[in-house]
Each structure stands twice: as C-alpha cells, then as structure tokens.
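Asks: Take a look at the following structure, please.
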Amino acid sequence: MVAALPSRVTVVGVPADGWPGLGDPARELVSHASVVLGSTRQLGLLPDVAGQERVAWPSPFSLAPLEAYADRELVVLASGDPYVSGIASTLLRTLGPDRLTVVPTVSSVSLARARMHWDDAEVVTVVGRRLEAVLRHLAPGHRVLVLSSDEHTPQAVARLLVEADYGATVMTALGDLGTDLETRNAATAAEGGPIAPRLHVLALELRGPATGQWTAGLPDEAYEHDGQLTKRDLRASALARLAPYPGALLWDVGAGAGSVGIEWLRSHPLARAVAVEADATRAQRIGRNAATLGVPGLEVVTGRAPEALEDLPDPDAVFVGGGATAPGVLDTCRERLRPGGRVVVHGVTLETERLLLEQYAEHGGELTRLSVERAEPLAGFTGWTPARPVVQWAWSRP
C-alpha cells in the first residue's frame, strides 16, 4: 500500500528503440514532465531534459517512490502497451482510473504475432511469476507467446517442457523487437532452447502428447497423493456445481491433494483459489501438484478449518472435501459466501452423511448420492468393482 498518492500519473509506453520510436504527443508528455519514473534501462533511453527529476524503480520492485510525490503530477515509463503485463495494471489498482492516463505504443505481443504470422497464439507472462504457468497451456499443436523475464528464461522453460514430454516443441526467441537489433533464434526444447538477449518474447510451437484436458476431471494419475484425493468422476461433478468463472475465488477446504482447487484454476487464467489443509505434508504436496499442472498461483494455507478461514477474503465458492463435521466449518463457509456463491460438500462417512441430510433439511439446495463402479478383472473374467458412495450437498446463497 502507498500512504500518499500523486494527483495524476501518466503512463507512457516506450517502444524497444526508445525515443526515436515515440510519437510527437508522447515525446511532449515526457519532455514537459517535472518527474519521470521508470526502470534504469527505460530512463537511459531518454534525451537529457534540463531540470527534470528522474527516479528508477527500486529492486525488488515496489511503488514506494510514489509517496514522495503526493498531490503532484508525474510520468511513468512502461514497455510497449502498459496494460500488456505492464505497470499500468498495478497503478490502476492503486490509483483508480480517475488519476491515471495511459498512452500505449505497439506491444511486444503485437510485434511477435506479426513476426511469427500467428493469429491464434495465447499469451503467458512469467515476468515476476513462476515459470510453471506455461504448463497449463500444454496441448499438441498449440501456440503460446511467453513474455520472458530475462535471457535465462528459454533454457528454464525448455527444461520444464522436456520433463512434461514436450521436448519436440520448437522455441523461437524474438529479441529486441521493434529495433534495428532484432534477432530470431530457434531450437527445440530437447536441444535446450534458443539463445536470447535479455529483452525477448519466446514463441512456442507445442509438440507433445495430449496429456490433460481443460475440462474438469483430470485423470487421478495426474496427481501426487496419499489416497486423500477427490476422484475424477466426483471431482467433475463437484466442479460442475461450483461453476468457476473469471475472477471468482474458491476455498478448497480439507484439500487433500488439492485437485478441486487446481482444476478450478485451470478453468480460466483469472480464477483464484485457496487450498486449506491441516496436514503439513499434504499442504506441501498440493503446492507441487499445482506447479506440475500449470497453476503455481494456488495459495496454500496450512491450518485447520474453521480457524484457518478467518483471515481469508470472502469466497465466491467453497468446496469441503474433508473435515465437514468439525464444529463451525459448514456454518462459517455458508455465512462467508458472497451473494450468489455456491457451497459443495462431499461426505463418505455416516456421520458426515447425517450432517448433510440436516443441512439439506434446514437450508435446501441439492442432495445427490453418487456411486461409481469400474470394470476390473475378476477370477479370469471382468466384473464391476464399486467405490464408496459419496453424498454430495450443493447449496447456493441467494
């Protein structure tokens, strides 16, 4: 948080070639500013302006320098389009739209699409984020543009791809886009990835197996677990009723292996989730599963509900896979739900089943008994082997 805010901030997108690539309106904004903030590299691209104060962002990055300019106007430099994985999004959340003006230029994403002749590529940023986010997008023939942190990103991404059996992926590093020094180097992930300058976009032509669909119900084998796992068919049923959507927050309570929270996050890049697990070993395992399946942003809280829920933001949906009979858990989950939110609870034991019958009688909702049988070898033949039936209670807050 910033204690004191400027009266207005104008964010100017700077192309890779710096001052020569700026249009006249943007040049005028920068030239007439009394204070300019930006990275050391960006500030170095500007010509000298007499009397102008220039401030480089600290490392690690923070908005703390803004406090020195309360009620003043200043210019902030950004790379390309400031709303494409840029500082404008951070400033928007801090300042609000009334104090913010954004002047974009051509983004590196636009230039990369043009160079690759790709009109269908997804964009993933790993700037200040974990590289495993790339893994969410694995699909044969899929195209992805990765906004890289530095010159080491291609080799690190290549290692992840090889581990995921995507070593045949063609990786193209598009360096210094929009300048006279543009470079283009390609190599497969198995070859270690391409050499790249510090400023580059990494284009991935993914080549590998179809290992994980984006709908709910990944194979149980996709997860590392100790038996505490919401199985595939039950998971798909729960997520259908939880109904994830962009920006919505899920509490996965008694998370076990974290499968429900992970697949909630895989449904959309803007979905949010917190996995709450009392067992520390399982909590660590949840983090590993989330990274492996491409959603390293899953927040994992080690603690026992309902106490562990106290400091969490109110959810849009709650899944209770374990610990439903603990005093206060279901009451807390219901009461903290945002309007229109959904609770889904699974019960295997008679004690939990009785509790869910009581919840259904008192609050209504949907009560379902789920029984799954799988064909397995039986004395030289094939027979049905039933899994434990599960009672599912789903309730929506008005």
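Chain lettering (A, B, ...) mirrors the order of the structure tokens, residue numbering begins at 1 for each chain separately, and ligand numbering begins at 1 in order of display.
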For Asp98 in chain A, find every residue with an atom within 10 Å (counting only C-alpha atoms), except residues of its own chain fewer than 3 positions away, and show them as a PDB file with N, CA, C and O atoms, in the first residue's frame.
Replies:
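Result file follows (selection_21.pdb):
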```
ATOM      1  N   SER A   7      -1.380  13.240  -7.621  1.00  0.00           N
ATOM      2  CA  SER A   7      -2.694  13.683  -8.110  1.00  0.00           C
ATOM      3  C   SER A   7      -3.002  13.093  -9.480  1.00  0.00           C
ATOM      4  O   SER A   7      -4.166  12.847  -9.809  1.00  0.00           O
ATOM      5  N   ARG A   8      -1.961  12.866 -10.278  1.00  0.00           N
ATOM      6  CA  ARG A   8      -2.165  12.242 -11.592  1.00  0.00           C
ATOM      7  C   ARG A   8      -0.867  11.569 -12.036  1.00  0.00           C
ATOM      8  O   ARG A   8       0.227  12.105 -11.842  1.00  0.00           O
ATOM      9  N   VAL A   9      -1.037  10.399 -12.642  1.00  0.00           N
ATOM     10  CA  VAL A   9       0.094   9.676 -13.214  1.00  0.00           C
ATOM     11  C   VAL A   9      -0.223   9.391 -14.673  1.00  0.00           C
ATOM     12  O   VAL A   9      -1.292   8.857 -14.994  1.00  0.00           O
ATOM     13  N   LEU A  92      -3.387   1.054 -11.814  1.00  0.00           N
ATOM     14  CA  LEU A  92      -4.849   1.162 -11.852  1.00  0.00           C
ATOM     15  C   LEU A  92      -5.455   0.700 -10.530  1.00  0.00           C
ATOM     16  O   LEU A  92      -6.363   1.336  -9.991  1.00  0.00           O
ATOM     17  N   LEU A  95      -4.251   3.573  -7.878  1.00  0.00           N
ATOM     18  CA  LEU A  95      -4.707   4.949  -8.055  1.00  0.00           C
ATOM     19  C   LEU A  95      -6.171   5.065  -8.430  1.00  0.00           C
ATOM     20  O   LEU A  95      -6.820   6.077  -8.135  1.00  0.00           O
ATOM     21  N   THR A 101      -3.694   8.151 -16.579  1.00  0.00           N
ATOM     22  CA  THR A 101      -3.785   8.248 -18.033  1.00  0.00           C
ATOM     23  C   THR A 101      -2.746   7.305 -18.621  1.00  0.00           C
ATOM     24  O   THR A 101      -1.605   7.262 -18.152  1.00  0.00           O
TER      25      THR A 101
END
```
Asks: Could you pull out the strand (DSSP E or B) residues of range 234-352 of chain A, going by DSSP on the backbone, and write them as a ChimeraX atom specification?
Replies: /A:249-253,272-277,299-302,317-320,342-347
Asks: With distances taken over only C-alpha atoms, which residue among A:Gly23, A:Val157, A:Ala257, A:Val11 lies nearest Ser89 in chain A?
Replies: A:Val11
Asks: Just checking: using only C-alpha atoms, which residue out of A:Arg342, A:Arg336, A:Arg115, A:Arg266 ends up closest to Arg241 in chain A?
Replies: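 Checking each of A:Arg342, A:Arg336, A:Arg115, A:Arg266 against Arg241 in chain A, counting only C-alpha atoms, the winner is A:Arg342.
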Asks: As number ranges by chain, please: every residue in range 221-388 of chain A that DSSP puts in alpha helix (DSSP H).
Replies: A: 232-242, 259-266, 280-292, 329-336, 350-363
Asks: With a distance cut-off of 8 Å and only C-alpha atoms, select the neighbouring residues of Leu242 in chain A, excluding the residue or stretch itself and same-chain residues fewer than 2 positions from it, and output the selection as a PyMOL selection string.
Replies: chain A and resi 238-240+244+317-319+342-344
Asks: Using C-alpha atoms, can you write the selected residues to a file as a PDB file, in the first residue's frame?
Replies:
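Dumped to selection_5.pdb:
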```
ATOM      1  CA  ALA A 238     -18.335 -31.021  -7.814  1.00  0.00           C
ATOM      2  CA  LEU A 239     -16.801 -28.523 -10.234  1.00  0.00           C
ATOM      3  CA  ALA A 240     -19.909 -28.563 -12.414  1.00  0.00           C
ATOM      4  CA  PRO A 244     -15.991 -21.477 -11.882  1.00  0.00           C
ATOM      5  CA  ALA A 317     -17.500 -20.772  -3.973  1.00  0.00           C
ATOM      6  CA  VAL A 318     -16.464 -23.311  -1.350  1.00  0.00           C
ATOM      7  CA  PHE A 319     -15.678 -26.996  -1.682  1.00  0.00           C
ATOM      8  CA  ARG A 342     -22.034 -21.893  -4.058  1.00  0.00           C
ATOM      9  CA  VAL A 343     -21.072 -24.495  -1.453  1.00  0.00           C
ATOM     10  CA  VAL A 344     -20.430 -28.119  -2.393  1.00  0.00           C
TER      11      VAL A 344
END
```
Asks: Pick out the residues sitting within 6 Å of range 216-227 of chain A, and hand them over as a VMD selection string; count only C-alpha atoms, and ignore anything fewer than 2 positions along from it in its own chain.
Replies: chain A and resid 229 232 235 to 236 257
Asks: Those same residues, written as a compact mmCIF listing (two decimals), in the first residue's frame with all heavy atoms?
Replies:
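Contents of result-v2.txt, as written:
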```
# COMPACT_ATOMS: atom_id res chain seq x y z
N LEU A 229 -7.73 -37.98 -2.10
CA LEU A 229 -7.92 -37.33 -3.39
C LEU A 229 -9.39 -37.44 -3.78
O LEU A 229 -9.98 -38.52 -3.71
CB LEU A 229 -7.06 -38.02 -4.46
CG LEU A 229 -7.29 -37.58 -5.91
CD1 LEU A 229 -6.71 -36.19 -6.14
CD2 LEU A 229 -6.68 -38.59 -6.89
N ARG A 232 -11.78 -38.65 -9.89
CA ARG A 232 -12.07 -37.98 -11.15
C ARG A 232 -13.57 -37.69 -11.36
O ARG A 232 -13.96 -36.56 -11.63
CB ARG A 232 -11.54 -38.84 -12.29
CG ARG A 232 -11.69 -38.23 -13.67
CD ARG A 232 -11.10 -39.16 -14.72
NE ARG A 232 -10.86 -38.45 -15.97
CZ ARG A 232 -10.26 -38.99 -17.02
NH1 ARG A 232 -9.83 -40.24 -16.95
NH2 ARG A 232 -10.07 -38.29 -18.13
N ARG A 235 -14.94 -35.36 -8.75
CA ARG A 235 -14.36 -34.03 -8.93
C ARG A 235 -15.09 -33.27 -10.04
O ARG A 235 -15.42 -32.08 -9.91
CB ARG A 235 -12.88 -34.18 -9.26
CG ARG A 235 -12.07 -32.90 -9.19
CD ARG A 235 -10.64 -33.13 -9.65
NE ARG A 235 -10.15 -34.45 -9.28
CZ ARG A 235 -9.57 -35.28 -10.12
NH1 ARG A 235 -9.41 -34.95 -11.40
NH2 ARG A 235 -9.14 -36.46 -9.71
N ALA A 236 -15.36 -33.97 -11.14
CA ALA A 236 -16.07 -33.34 -12.25
C ALA A 236 -17.47 -32.91 -11.83
O ALA A 236 -17.95 -31.83 -12.19
CB ALA A 236 -16.13 -34.29 -13.44
N ALA A 257 -5.17 -33.53 -1.83
CA ALA A 257 -4.16 -33.36 -2.87
C ALA A 257 -4.33 -32.06 -3.64
O ALA A 257 -3.54 -31.75 -4.52
CB ALA A 257 -4.22 -34.54 -3.84
```
Asks: Excluding same-chain residues fewer than 6 positions from Thr302 in chain A, what lies within 10 Å of it counting only C-alpha atoms, as a list in words?
Replies: Gly254, Ala275, Val276, Glu277, Ala278, Asp279, Ala280, Thr281, Arg282, Ala283, Gln284 and Ala308 of chain A
Asks: Could those residues be written to a file, using N, CA, C and O atoms, as a PDB file, in the first residue's frame?
Replies:
```pdb
ATOM      1  N   GLY A 254     -10.099 -28.657   3.432  1.00  0.00           N
ATOM      2  CA  GLY A 254      -9.747 -30.066   3.567  1.00  0.00           C
ATOM      3  C   GLY A 254      -9.274 -30.584   2.228  1.00  0.00           C
ATOM      4  O   GLY A 254      -9.760 -31.589   1.712  1.00  0.00           O
ATOM      5  N   ALA A 275      -6.291 -23.256  -1.129  1.00  0.00           N
ATOM      6  CA  ALA A 275      -6.421 -24.620  -0.614  1.00  0.00           C
ATOM      7  C   ALA A 275      -6.073 -24.604   0.869  1.00  0.00           C
ATOM      8  O   ALA A 275      -4.998 -24.137   1.255  1.00  0.00           O
ATOM      9  N   VAL A 276      -6.980 -25.102   1.690  1.00  0.00           N
ATOM     10  CA  VAL A 276      -6.785 -25.133   3.141  1.00  0.00           C
ATOM     11  C   VAL A 276      -6.621 -26.588   3.561  1.00  0.00           C
ATOM     12  O   VAL A 276      -7.515 -27.411   3.339  1.00  0.00           O
ATOM     13  N   GLU A 277      -5.475 -26.909   4.146  1.00  0.00           N
ATOM     14  CA  GLU A 277      -5.163 -28.296   4.506  1.00  0.00           C
ATOM     15  C   GLU A 277      -4.438 -28.318   5.844  1.00  0.00           C
ATOM     16  O   GLU A 277      -3.452 -27.599   6.041  1.00  0.00           O
ATOM     17  N   ALA A 278      -4.941 -29.134   6.775  1.00  0.00           N
ATOM     18  CA  ALA A 278      -4.375 -29.180   8.119  1.00  0.00           C
ATOM     19  C   ALA A 278      -3.042 -29.916   8.163  1.00  0.00           C
ATOM     20  O   ALA A 278      -2.178 -29.591   8.987  1.00  0.00           O
ATOM     21  N   ASP A 279      -2.858 -30.909   7.298  1.00  0.00           N
ATOM     22  CA  ASP A 279      -1.650 -31.717   7.317  1.00  0.00           C
ATOM     23  C   ASP A 279      -0.534 -31.039   6.520  1.00  0.00           C
ATOM     24  O   ASP A 279      -0.693 -30.768   5.324  1.00  0.00           O
ATOM     25  N   ALA A 280       0.590 -30.765   7.171  1.00  0.00           N
ATOM     26  CA  ALA A 280       1.679 -30.016   6.525  1.00  0.00           C
ATOM     27  C   ALA A 280       2.268 -30.770   5.338  1.00  0.00           C
ATOM     28  O   ALA A 280       2.630 -30.161   4.327  1.00  0.00           O
ATOM     29  N   THR A 281       2.378 -32.088   5.437  1.00  0.00           N
ATOM     30  CA  THR A 281       2.924 -32.867   4.328  1.00  0.00           C
ATOM     31  C   THR A 281       2.008 -32.778   3.116  1.00  0.00           C
ATOM     32  O   THR A 281       2.477 -32.619   1.982  1.00  0.00           O
ATOM     33  N   ARG A 282       0.719 -32.894   3.341  1.00  0.00           N
ATOM     34  CA  ARG A 282      -0.221 -32.767   2.233  1.00  0.00           C
ATOM     35  C   ARG A 282      -0.219 -31.354   1.656  1.00  0.00           C
ATOM     36  O   ARG A 282      -0.352 -31.171   0.444  1.00  0.00           O
ATOM     37  N   ALA A 283      -0.072 -30.359   2.515  1.00  0.00           N
ATOM     38  CA  ALA A 283      -0.030 -28.973   2.024  1.00  0.00           C
ATOM     39  C   ALA A 283       1.141 -28.772   1.064  1.00  0.00           C
ATOM     40  O   ALA A 283       1.008 -28.121   0.021  1.00  0.00           O
ATOM     41  N   GLN A 284       2.300 -29.338   1.412  1.00  0.00           N
ATOM     42  CA  GLN A 284       3.448 -29.243   0.514  1.00  0.00           C
ATOM     43  C   GLN A 284       3.178 -29.979  -0.795  1.00  0.00           C
ATOM     44  O   GLN A 284       3.549 -29.511  -1.872  1.00  0.00           O
ATOM     45  N   ALA A 308      -8.606 -21.546  10.275  1.00  0.00           N
ATOM     46  CA  ALA A 308      -7.737 -21.162   9.160  1.00  0.00           C
ATOM     47  C   ALA A 308      -8.462 -20.299   8.130  1.00  0.00           C
ATOM     48  O   ALA A 308      -7.816 -19.731   7.240  1.00  0.00           O
TER      49      ALA A 308
END
```
Asks: How many Å separate CA of Leu145 in chain A from CA of Leu204 in chain A?
Replies: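 It comes out at 6.3 Å.
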Asks: Show which residues sit within 8 Å of Gly258 in chain A, as JSON, numbers by chain. Count only C-alpha atoms, and ignore same-chain residues fewer than 2 positions away.
Replies: {"A": [229, 252, 255, 256, 260, 261, 262, 275, 286, 289, 290]}
Asks: Write out as a VMD selection string which residues come within 8 Å of range 69-85 of chain A when counting only C-alpha atoms, dropping same-chain ones fewer than 3 positions away.
Replies: chain A and resid 4 to 16 29 to 30 33 to 39 42 to 43 65 to 66 88 to 89 102 to 108 125 127
Asks: For Glu299 in chain A, which residue among A:Leu337, A:Ala112, A:Ala156, A:Ala271 is the nearest when counting only C-alpha atoms?
Replies: A:Ala271
Asks: With distances taken over only C-alpha atoms, which residue among A:Ala64, A:Ala158, A:Ala379, A:Leu293 lies nearest Leu135 in chain A?
Replies: A:Leu293
Asks: Pick the closest to Leu330 in chain A from A:Val253, A:Trp19, A:Asp314, A:Pro398: which is it, counting only C-alpha atoms?
Replies: A:Val253
